[in-house]
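Raw my_file_35.cif, mmCIF, C-alpha atoms:
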```
data_coords
#
loop_
_atom_site.label_atom_id
_atom_site.label_comp_id
_atom_site.auth_asym_id
_atom_site.auth_seq_id
_atom_site.Cartn_x
_atom_site.Cartn_y
_atom_site.Cartn_z
CA MET A 1 181.84 80.63 91.31
CA ASP A 2 180.41 83.28 88.99
CA CYS A 3 180.48 82.69 85.25
CA PRO A 4 182.40 85.48 83.43
CA PHE A 5 180.27 85.08 80.31
CA ILE A 6 176.89 85.82 82.01
CA ARG A 7 176.21 89.38 83.03
CA ASN A 8 173.83 88.58 85.90
CA PRO A 9 173.89 84.83 86.69
CA ILE A 10 171.61 85.15 89.75
CA HIS A 11 168.88 86.79 87.66
CA VAL A 12 169.17 84.13 84.95
CA GLU A 13 168.87 81.34 87.52
CA ALA A 14 165.75 82.97 88.96
CA VAL A 15 164.18 83.10 85.50
CA ILE A 16 164.97 79.42 84.92
CA ILE A 17 163.44 78.42 88.25
CA ARG A 18 160.35 80.59 87.71
CA ASN A 19 159.73 79.11 84.28
CA ALA A 20 160.11 75.61 85.67
CA LEU A 21 157.59 76.28 88.47
CA ARG A 22 155.08 78.24 86.36
CA ARG A 23 151.72 76.51 86.28
CA GLU A 24 150.01 75.94 82.99
CA ARG A 25 146.96 78.15 82.51
CA ILE A 26 143.80 76.08 82.60
CA PHE A 27 140.66 77.18 80.77
CA ARG A 28 137.55 75.51 82.10
CA PRO A 29 134.71 74.94 79.62
CA ARG A 30 132.06 77.68 79.68
CA LEU A 31 128.39 76.81 80.12
CA ASP A 32 125.85 77.19 77.35
CA ILE A 33 122.76 77.84 79.47
CA LEU A 34 120.37 77.72 76.51
CA SER A 35 121.19 74.03 76.11
CA PHE A 36 119.58 73.20 79.46
CA ARG A 37 115.96 72.20 80.00
CA GLU A 38 113.38 74.91 80.80
CA GLU A 39 112.86 73.52 84.31
CA TYR A 40 116.57 73.87 85.07
CA LEU A 41 116.66 77.40 83.67
CA PHE A 42 113.77 78.45 85.89
CA GLU A 43 115.32 76.84 88.96
CA CYS A 44 118.75 78.41 88.51
CA TYR A 45 118.06 81.61 86.56
CA ARG A 46 114.32 82.29 87.15
CA PHE A 47 113.66 82.87 83.45
CA SER A 48 112.79 80.82 80.40
CA SER A 49 115.12 80.53 77.44
CA ALA A 50 113.00 82.95 75.40
CA THR A 51 113.20 85.66 78.05
CA ILE A 52 116.94 85.10 78.54
CA ILE A 53 117.40 85.66 74.80
CA TYR A 54 115.22 88.81 75.08
CA LEU A 55 117.25 90.13 78.03
CA ASN A 56 120.50 89.46 76.22
CA HIS A 57 119.20 91.37 73.21
CA ILE A 58 118.31 94.54 75.14
CA LEU A 59 121.35 94.43 77.47
CA ARG A 60 124.01 93.47 74.92
CA PRO A 61 125.03 97.09 74.15
CA TYR A 62 125.72 97.68 77.86
CA ILE A 63 127.47 94.44 78.86
CA THR A 64 129.47 93.34 75.80
CA ASN A 65 133.23 93.29 76.38
CA LEU A 66 135.27 95.52 74.10
CA THR A 67 137.91 92.86 73.56
CA HIS A 68 137.96 89.09 73.07
CA ARG A 69 141.47 88.68 74.47
CA GLY A 70 141.91 86.17 77.29
CA ARG A 71 138.66 84.41 76.37
CA ALA A 72 136.51 87.31 77.51
CA LEU A 73 132.93 86.51 78.47
CA THR A 74 130.21 86.94 75.90
CA SER A 75 127.17 89.07 76.75
CA GLU A 76 125.10 85.92 77.16
CA GLN A 77 127.59 84.44 79.64
CA THR A 78 127.79 87.71 81.59
CA LEU A 79 124.00 87.84 81.81
CA SER A 80 123.71 84.23 82.95
CA ILE A 81 126.21 84.80 85.77
CA ALA A 82 124.26 87.79 87.06
CA LEU A 83 120.90 86.02 86.78
CA ARG A 84 122.20 83.07 88.79
CA PHE A 85 123.46 85.47 91.47
CA PHE A 86 120.12 87.29 91.62
CA ALA A 87 118.18 84.02 91.84
CA ASN A 88 120.25 82.46 94.63
CA ARG A 89 121.51 83.31 98.11
CA SER A 90 124.92 81.80 97.38
CA PHE A 91 128.30 83.44 97.86
CA LEU A 92 130.21 84.73 94.86
CA TYR A 93 132.64 81.82 94.84
CA ASN A 94 129.72 79.35 94.78
CA ILE A 95 128.32 81.12 91.74
CA GLY A 96 131.78 81.02 90.16
CA ASP A 97 132.11 77.28 90.74
CA ALA A 98 128.71 76.68 89.18
CA GLU A 99 129.51 78.83 86.14
CA HIS A 100 133.14 77.62 85.80
CA ILE A 101 134.70 81.04 86.42
CA GLY A 102 136.50 82.91 89.18
CA LYS A 103 135.00 84.91 92.02
CA ALA A 104 136.34 88.23 90.69
CA THR A 105 134.72 87.59 87.31
CA VAL A 106 131.37 86.95 89.01
CA CYS A 107 131.67 90.25 90.89
CA ARG A 108 132.40 92.19 87.69
CA ALA A 109 129.55 90.49 85.80
CA VAL A 110 126.99 91.23 88.53
CA ARG A 111 128.11 94.85 88.69
CA LYS A 112 127.96 95.28 84.92
CA VAL A 113 124.48 93.76 84.57
CA SER A 114 123.14 95.68 87.59
CA LEU A 115 124.21 99.01 86.10
CA ALA A 116 122.80 98.02 82.71
CA LEU A 117 119.41 97.17 84.22
CA LYS A 118 119.50 100.40 86.21
CA CYS A 119 119.62 102.28 82.90
CA LEU A 120 116.27 100.66 82.01
CA LEU A 121 114.57 101.91 85.20
CA PRO A 122 112.88 104.98 83.58
CA VAL A 123 111.42 102.73 80.88
CA MET A 124 110.36 99.68 82.91
CA VAL A 125 109.22 101.35 86.16
CA VAL A 126 106.72 104.13 85.42
CA PHE A 127 103.79 105.48 87.41
CA PRO A 128 100.90 104.82 87.31
CA GLY A 129 101.81 101.96 84.98
CA HIS A 130 102.07 100.83 81.38
CA LYS A 131 98.27 100.55 81.06
CA PRO A 132 95.81 103.44 80.77
CA VAL A 133 94.91 104.98 84.14
CA ARG A 134 91.26 104.05 83.69
CA ASN A 135 92.13 100.35 83.32
CA ILE A 136 94.32 100.45 86.42
CA LYS A 137 91.52 102.00 88.51
CA GLU A 138 89.02 99.44 87.21
CA GLU A 139 91.32 96.55 88.14
CA PHE A 140 91.69 97.82 91.70
CA HIS A 141 87.94 98.54 91.93
CA ARG A 142 87.10 94.94 91.02
CA ILE A 143 89.03 93.67 94.05
CA ALA A 144 86.89 95.20 96.82
CA GLY A 145 85.02 98.18 95.41
CA LEU A 146 87.39 101.00 96.34
CA PRO A 147 87.20 103.80 93.73
CA ASN A 148 90.03 105.80 92.12
CA VAL A 149 92.85 103.62 93.45
CA MET A 150 96.00 104.10 91.36
CA GLY A 151 98.38 101.94 93.37
CA CYS A 152 99.42 100.56 96.74
CA VAL A 153 102.55 101.64 98.58
CA ASP A 154 104.58 99.68 101.12
CA GLY A 155 108.08 99.49 102.53
CA THR A 156 110.25 96.45 103.08
CA GLN A 157 113.60 95.87 104.77
CA ILE A 158 116.35 94.27 102.66
CA PRO A 159 119.03 92.85 105.02
CA ILE A 160 122.67 93.75 104.31
CA THR A 161 125.98 93.18 106.01
CA ALA A 162 127.08 95.86 108.44
CA PRO A 163 128.66 98.69 106.39
CA ALA A 164 132.01 100.20 107.32
CA GLU A 165 130.65 103.77 107.27
CA ASN A 166 127.59 105.09 109.13
CA GLU A 167 126.91 101.63 110.45
CA ALA A 168 124.34 102.75 113.04
CA ASP A 169 122.13 104.39 110.40
CA TYR A 170 121.41 101.01 108.81
CA VAL A 171 120.14 99.33 112.01
CA ASN A 172 116.36 99.11 111.69
CA ARG A 173 113.69 98.78 114.36
CA LYS A 174 114.20 95.00 114.38
CA SER A 175 117.90 95.44 115.22
CA PHE A 176 119.51 94.21 112.01
CA HIS A 177 121.24 96.13 109.23
CA SER A 178 119.11 96.78 106.19
CA ILE A 179 118.07 99.09 103.36
CA ASN A 180 114.49 100.35 103.60
CA VAL A 181 112.92 100.02 100.15
CA GLN A 182 109.60 101.63 99.24
CA ILE A 183 107.61 100.09 96.41
CA CYS A 184 104.41 101.27 94.75
CA ASP A 185 102.49 98.52 93.01
CA ALA A 186 99.74 98.22 90.44
CA ALA A 187 98.55 94.66 89.89
CA TYR A 188 101.92 92.99 90.64
CA ILE A 189 103.80 95.55 88.52
CA VAL A 190 106.20 97.81 90.40
CA THR A 191 105.39 101.36 89.31
CA ASN A 192 107.72 103.24 91.66
CA VAL A 193 110.75 102.24 93.72
CA GLU A 194 112.82 104.12 96.29
CA ALA A 195 115.98 102.14 97.09
CA LYS A 196 118.40 104.54 98.74
CA TRP A 197 117.39 104.87 102.39
CA PRO A 198 119.07 103.23 105.44
CA GLY A 199 117.00 100.83 107.50
CA SER A 200 116.52 103.28 110.37
CA VAL A 201 114.52 105.72 108.22
CA HIS A 202 110.76 105.57 108.79
CA ASP A 203 108.39 104.68 105.95
CA SER A 204 106.52 107.97 106.29
CA ARG A 205 109.68 110.00 105.75
CA ILE A 206 110.60 108.02 102.65
CA TYR A 207 107.20 108.74 101.12
CA ARG A 208 107.24 112.38 102.20
CA GLU A 209 110.56 113.03 100.44
CA CYS A 210 110.08 110.84 97.36
CA HIS A 211 109.36 112.21 93.89
CA LEU A 212 106.02 110.39 93.68
CA SER A 213 104.68 112.23 96.74
CA ASN A 214 105.65 115.57 95.21
CA ARG A 215 103.82 114.68 91.99
CA PHE A 216 100.64 113.92 93.93
CA ALA A 217 101.04 117.17 95.89
CA ARG A 218 101.23 119.11 92.60
CA GLY A 219 97.93 117.58 91.52
CA GLU A 220 99.28 115.54 88.59
CA PHE A 221 97.00 112.57 89.35
CA ASP A 222 93.27 112.23 89.92
CA GLY A 223 93.29 109.35 92.38
CA TYR A 224 95.05 108.08 95.46
CA LEU A 225 97.31 105.39 96.88
CA LEU A 226 96.68 102.90 99.66
CA GLY A 227 99.16 102.53 102.51
CA ASP A 228 99.36 100.81 105.89
CA ARG A 229 99.39 102.45 109.31
CA GLY A 230 103.06 103.33 108.86
CA TYR A 231 101.98 106.25 106.67
CA PRO A 232 99.93 109.32 107.61
CA CYS A 233 96.46 109.53 106.09
CA GLN A 234 96.49 112.17 103.34
CA PRO A 235 94.13 113.11 100.50
CA SER A 236 96.38 111.20 98.11
CA LEU A 237 97.36 108.37 100.51
CA LEU A 238 94.60 106.60 102.44
CA THR A 239 95.35 104.40 105.46
CA PRO A 240 93.10 102.18 107.63
CA ASP A 241 90.85 103.67 110.29
CA PRO A 242 90.36 101.79 113.59
CA GLU A 243 86.81 103.13 114.11
CA LEU A 244 83.71 100.95 113.73
CA GLY A 245 80.78 101.41 111.37
CA PRO A 246 81.43 102.53 107.78
CA GLN A 247 85.14 102.83 108.59
CA GLN A 248 85.27 99.14 109.50
CA ARG A 249 83.90 98.14 106.09
CA PHE A 250 86.39 100.53 104.53
CA ASN A 251 89.20 98.83 106.45
CA VAL A 252 88.21 95.41 105.09
CA ALA A 253 88.13 96.70 101.51
CA HIS A 254 91.37 98.58 102.10
CA CYS A 255 93.11 95.43 103.41
CA ARG A 256 91.91 93.28 100.50
CA THR A 257 93.05 95.82 97.95
CA ARG A 258 96.40 96.59 99.57
CA ALA A 259 97.23 92.89 99.66
CA ARG A 260 98.39 93.33 96.06
CA VAL A 261 101.56 95.15 97.08
CA GLU A 262 102.33 92.54 99.76
CA MET A 263 101.94 89.84 97.13
CA THR A 264 104.22 91.82 94.81
CA LEU A 265 106.92 92.00 97.47
CA GLY A 266 106.52 88.29 98.12
CA ILE A 267 106.93 87.47 94.43
CA LEU A 268 109.95 89.77 94.16
CA LYS A 269 111.77 88.21 97.12
CA SER A 270 110.84 84.66 96.13
CA ARG A 271 112.04 85.12 92.57
CA PHE A 272 115.32 86.81 93.56
CA GLN A 273 116.66 85.10 96.66
CA CYS A 274 119.66 87.44 96.83
CA LEU A 275 117.32 89.99 98.43
CA GLN A 276 117.13 87.79 101.51
CA LYS A 277 120.63 89.02 102.44
CA LEU A 278 122.96 91.24 100.40
CA ARG A 279 126.65 90.90 101.22
CA VAL A 280 127.72 94.10 99.48
CA THR A 281 128.09 97.78 100.32
CA PRO A 282 124.87 99.79 100.63
CA GLU A 283 125.55 101.62 97.34
CA ARG A 284 125.92 98.39 95.39
CA GLY A 285 123.03 96.88 97.30
CA CYS A 286 120.74 99.66 96.07
CA ASP A 287 121.81 98.99 92.47
CA ILE A 288 121.10 95.27 92.87
CA ILE A 289 117.65 95.98 94.33
CA VAL A 290 116.77 98.26 91.41
CA ALA A 291 118.05 95.63 88.95
CA CYS A 292 115.83 92.98 90.56
CA VAL A 293 112.80 95.30 90.35
CA VAL A 294 113.41 95.88 86.63
CA LEU A 295 113.77 92.13 86.07
CA HIS A 296 110.60 91.54 88.08
CA ASN A 297 108.58 93.85 85.82
CA ILE A 298 110.00 92.19 82.72
CA ALA A 299 109.06 88.78 84.12
CA ILE A 300 105.48 89.89 84.91
CA ILE A 301 105.00 91.53 81.53
CA ARG A 302 106.29 88.45 79.70
CA GLY A 303 104.21 86.07 81.83
CA GLU A 304 107.09 84.25 83.52
CA GLN A 305 106.19 81.86 86.32
CA HIS A 306 107.40 82.57 89.83
CA PRO A 307 108.32 80.41 92.85
CA ALA A 308 105.99 79.87 95.79
CA ILE A 309 105.29 83.17 97.53
CA GLN A 310 106.46 83.59 101.10
CA ILE A 311 105.24 86.64 103.00
CA ASN A 312 107.35 86.70 106.14
CA ASP A 313 106.80 90.29 107.25
CA PRO A 314 104.90 90.38 110.55
CA ALA A 315 102.30 92.98 111.41
CA ASP A 316 103.62 96.51 111.36
CA ASP A 317 104.93 97.55 114.78
CA HIS A 318 106.54 100.88 113.89
CA PRO A 319 105.26 104.18 115.33
CA ILE A 320 102.04 105.41 113.76
CA PRO A 321 102.37 108.95 112.33
CA ALA A 322 99.66 111.54 112.85
CA ASP A 323 96.97 111.71 110.18
CA VAL A 324 96.38 114.86 108.15
CA GLN A 325 92.93 116.42 108.64
CA ASP A 326 92.25 116.57 104.88
CA GLY A 327 93.26 112.93 104.62
CA ARG A 328 90.80 111.86 107.31
CA ALA A 329 88.05 113.83 105.59
CA ALA A 330 88.75 112.11 102.26
CA ARG A 331 88.77 108.69 103.93
CA ASP A 332 85.48 109.35 105.78
CA LEU A 333 83.84 110.54 102.56
CA ILE A 334 84.74 107.30 100.77
CA ALA A 335 83.64 105.20 103.75
CA ARG A 336 80.19 106.87 103.84
CA ASN A 337 79.36 107.15 100.16
CA PHE A 338 80.46 103.85 98.64
CA ASP A 339 79.28 100.27 99.04
CA PHE A 340 82.13 97.79 99.24
CA ASP A 341 81.97 94.25 97.94
#
```
Structure rendered as structure tokens:
Amino acid sequence: MDCPFIRNPIHVEAVIIRNALRRERIFRPRLDILSFREEYLFECYRFSSATIIYLNHILRPYITNLTHRGRALTSEQTLSIALRFFANRSFLYNIGDAEHIGKATVCRAVRKVSLALKCLLPVMVVFPGHKPVRNIKEEFHRIAGLPNVMGCVDGTQIPITAPAENEADYVNRKSFHSINVQICDAAYIVTNVEAKWPGSVHDSRIYRECHLSNRFARGEFDGYLLGDRGYPCQPSLLTPDPELGPQQRFNVAHCRTRARVEMTLGILKSRFQCLQKLRVTPERGCDIIVACVVLHNIAIIRGEQHPAIQINDPADDHPIPADVQDGRAARDLIARNFDFD
């Protein structure tokens, strides 16, 4: 029987029942990562406490929440969530459980920090490097005697989940979905990164269409890069030569010198285990890759330790592009006129 004194008794009863069943909001304690030992920080976040404080200082303007309502994360907490994600291969909800937050909060924190680090790309990743060009050439020359080397270039496949759009474009020659990333290295420092190409794109095309190749073509640099057989031999990009004689000694020196970029890729993937498999869209995957490269350079510059290096890439088995005649001439000239250590 309806009550004549209540305008809508059914609505009132629903409110009473909803209030009775409403769960109390639980706030889990947030972690203070700077209270942990240095060994734990390196294992979980890949950085020391001093570098975490430094990163928080330079990223705070980009990642600070505009409000403190609802116990919003501080910039330090947002940074720690993203660093744990970069350093591990865990799912988002595993990161959330470790940091005492929800999965959606982890996703927002990783996105915010990735975009903030992407803003630092023009400052932290510069070619030919942060040192004078002469010092860079001398460092490469001390390895095996090759003159005028300004860097080493290589590509690597970063696995991703199959995207919803243009899925076939991301299937690489090894039949898994990936983003093909090109990195130019100078003594373990990444000096150029191209992280926007699907896995099916060949290394030679990435270099041909990148900004760094155009700068060499315009004659901005007096030197050259070293690349593997996946690139065509050019005056500014020297590759190995299968011939015997002076070319064979050149190949040995070339291999010893170009090992730097392979070591750089090994350090990068060992330090940031998320690059072993990204479970995000290709666009967000590219942002995460760039963020990891920026963090890698910061770690090298600040002398941070790194995990054991694992170089899992087998020998290159992709098609070998045709060499350029001027490139072969430049390679033969170096092979004849210089003595290699």
### Query
Which residue out of A:Tyr45, A:Tyr40, A:Phe127, A:Tyr224 has the minimum interatomic distance to Leu146 in chain A when only C-alpha atoms are used?
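Result for the nearest residue to Leu146 in chain A: A:Tyr224.
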### Message
Env of Asn148 in chain A: 8 Å cut, atoms = all atoms listed in the file, seq-sep filter 4 positions within chain, self excluded. Answer as a list in words.
### Response
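Close residues of Asn148 in chain A: Lys137, His141, Asp222, Gly223 and Tyr224 of chain A.
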Produce a table with one row for each residue of range 119-202 of chain A that has an atom at most 8 Å from any atom of range 265-281 of chain A, each row naming the nearest atom pair and its distance in Å at one decimal; use only C-alpha atoms; arrange rows by chain and rising residue number; format as JSON lines.
```
{"residue": "A:Thr156", "atom": "CA", "partner": "A:Leu265", "partner_atom": "CA", "distance": 7.9}
{"residue": "A:Ile158", "atom": "CA", "partner": "A:Leu275", "partner_atom": "CA", "distance": 6.1}
{"residue": "A:Pro159", "atom": "CA", "partner": "A:Lys277", "partner_atom": "CA", "distance": 4.9}
{"residue": "A:Ile160", "atom": "CA", "partner": "A:Leu278", "partner_atom": "CA", "distance": 4.7}
{"residue": "A:Thr161", "atom": "CA", "partner": "A:Arg279", "partner_atom": "CA", "distance": 5.3}
{"residue": "A:Pro163", "atom": "CA", "partner": "A:Thr281", "partner_atom": "CA", "distance": 6.2}
```
Local residues around (108.9, 100.4, 103.2), at most 8 Å away, using all atoms listed in the file, as a tab-separated table (two decimals) with C-alpha atoms, keeping the file's coordinate frame:
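Saved as selection_17.tsv:
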```tsv
chain	number	residue	atom	x	y	z
A	153	VAL	CA	102.55	101.64	98.58
A	154	ASP	CA	104.58	99.68	101.12
A	155	GLY	CA	108.08	99.49	102.53
A	156	THR	CA	110.25	96.45	103.08
A	157	GLN	CA	113.60	95.87	104.77
A	180	ASN	CA	114.49	100.35	103.60
A	181	VAL	CA	112.92	100.02	100.15
A	182	GLN	CA	109.60	101.63	99.24
A	183	ILE	CA	107.61	100.09	96.41
A	202	HIS	CA	110.76	105.57	108.79
A	203	ASP	CA	108.39	104.68	105.95
A	206	ILE	CA	110.60	108.02	102.65
```
Range 31-39 of chain A: axis-aligned bounding box, 6 Å on each side, centre and edge lengths in Å, one decimal, as JSON:
```
{"center_x": 120.6, "center_y": 75.0, "center_z": 80.2, "size_x": 27.5, "size_y": 17.6, "size_z": 20.2}
```
### CA of Ala217 in chain A to CA of Lys196 in chain A, straight-line distance in Å
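Those two atoms sit 21.7 Å apart.
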### Message
Between A:Ile33, A:Leu59, A:Leu66, A:Cys152, which residue has the minimum interatomic distance to Pro128 in chain A, considering only C-alpha atoms?
### Response
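Of all the options, A:Cys152 lies closest to Pro128 in chain A.
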### Task
Run the PyMOL selection byres ((chain A and resi 93) around 12) against the file shown and list the residues it catches, as a list in words.
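Evaluating the PyMOL selection byres ((chain A and resi 93) around 12) on this file yields Ile81, Phe85, Arg89, Ser90, Phe91, Leu92, Asn94, Ile95, Gly96, Asp97, Ala98, Glu99, His100, Ile101, Gly102, Lys103, Ala104, Thr105, Val106 and Cys107 of chain A.
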Could those selected residues go to a file with C-alpha atoms, as an mmCIF file, in the coordinates of the input?
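Result went into part.cif, see below:
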```
data_model
loop_
_atom_site.group_PDB
_atom_site.id
_atom_site.type_symbol
_atom_site.label_atom_id
_atom_site.label_comp_id
_atom_site.auth_asym_id
_atom_site.auth_seq_id
_atom_site.Cartn_x
_atom_site.Cartn_y
_atom_site.Cartn_z
ATOM 1 C CA ILE A 81 126.210 84.800 85.770
ATOM 2 C CA PHE A 85 123.460 85.470 91.470
ATOM 3 C CA ARG A 89 121.510 83.310 98.110
ATOM 4 C CA SER A 90 124.920 81.800 97.380
ATOM 5 C CA PHE A 91 128.300 83.440 97.860
ATOM 6 C CA LEU A 92 130.210 84.730 94.860
ATOM 7 C CA ASN A 94 129.720 79.350 94.780
ATOM 8 C CA ILE A 95 128.320 81.120 91.740
ATOM 9 C CA GLY A 96 131.780 81.020 90.160
ATOM 10 C CA ASP A 97 132.110 77.280 90.740
ATOM 11 C CA ALA A 98 128.710 76.680 89.180
ATOM 12 C CA GLU A 99 129.510 78.830 86.140
ATOM 13 C CA HIS A 100 133.140 77.620 85.800
ATOM 14 C CA ILE A 101 134.700 81.040 86.420
ATOM 15 C CA GLY A 102 136.500 82.910 89.180
ATOM 16 C CA LYS A 103 135.000 84.910 92.020
ATOM 17 C CA ALA A 104 136.340 88.230 90.690
ATOM 18 C CA THR A 105 134.720 87.590 87.310
ATOM 19 C CA VAL A 106 131.370 86.950 89.010
ATOM 20 C CA CYS A 107 131.670 90.250 90.890
#
```
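Interatomic distance, CA of Phe47 in chain A to CA of Ser75 in chain A: 16.3 Å.
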### Query
For the file shown, what are the residues hit by the PyMOL selection byres ((chain A and resi 285-291) around 9), laid out as an MDAnalysis selection string?
chainID A and resid 86 110:111 113:118 120:121 158 160 179 181 193:197 274:275 278:284 292:296
### Message
As an exercise, work out the distance from CA of Arg260 in chain A to CA of Asn135 in chain A in Å and give it to one decimal place.
### Response
15.8 Å
### Task
Specify as a ChimeraX atom specification each residue included when the PyMOL selection byres ((chain A and resi 257) around 12) is applied to this file.
/A:137,139-153,185-188,225-228,238-240,250-256,258-263,340-341
#### Entry: Selected residue of minimal separation from Ala335 in chain A among A:His130, A:Pro61, A:Ser236, A:Asp241, counting only C-alpha atoms
A:Asp241
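Proximity to Leu41 in chain A was assessed for A:His211, A:Leu83, A:Asn337, A:Tyr62 counting all atoms listed in the file; the smallest distance is recorded for A:Leu83.
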### Task
Considering only C-alpha atoms, return as a ChimeraX atom specification whatever protein or nucleic-acid residues lie within 9 Å of Glu304 in chain A, sequence-local ones (same chain, fewer than 2 positions apart) excluded.
/A:46-48,51,298-302,306
Resulting file, chosen residues, C-alpha atoms, as a PDB file, keeping the file's coordinate frame:
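What ended up in out-v4.pdb:
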```
ATOM      1  CA  ARG A  46     114.320  82.290  87.150  1.00  0.00           C
ATOM      2  CA  PHE A  47     113.660  82.870  83.450  1.00  0.00           C
ATOM      3  CA  SER A  48     112.790  80.820  80.400  1.00  0.00           C
ATOM      4  CA  THR A  51     113.200  85.660  78.050  1.00  0.00           C
ATOM      5  CA  ILE A 298     110.000  92.190  82.720  1.00  0.00           C
ATOM      6  CA  ALA A 299     109.060  88.780  84.120  1.00  0.00           C
ATOM      7  CA  ILE A 300     105.480  89.890  84.910  1.00  0.00           C
ATOM      8  CA  ILE A 301     105.000  91.530  81.530  1.00  0.00           C
ATOM      9  CA  ARG A 302     106.290  88.450  79.700  1.00  0.00           C
ATOM     10  CA  HIS A 306     107.400  82.570  89.830  1.00  0.00           C
TER      11      HIS A 306
END
```
Which residues, protein or nucleic acid, reach to within 7 Å of (121.9, 86.1, 75.1) in the file's coordinates when using only C-alpha atoms, and can you give that as a CSV table (one decimal) with C-alpha atoms, in the coordinates of the input?
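Saved result, selection39.csv, follows:
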```
chain,number,residue,atom,x,y,z
A,52,ILE,CA,116.9,85.1,78.5
A,53,ILE,CA,117.4,85.7,74.8
A,55,LEU,CA,117.2,90.1,78.0
A,56,ASN,CA,120.5,89.5,76.2
A,57,HIS,CA,119.2,91.4,73.2
A,75,SER,CA,127.2,89.1,76.8
A,76,GLU,CA,125.1,85.9,77.2
```
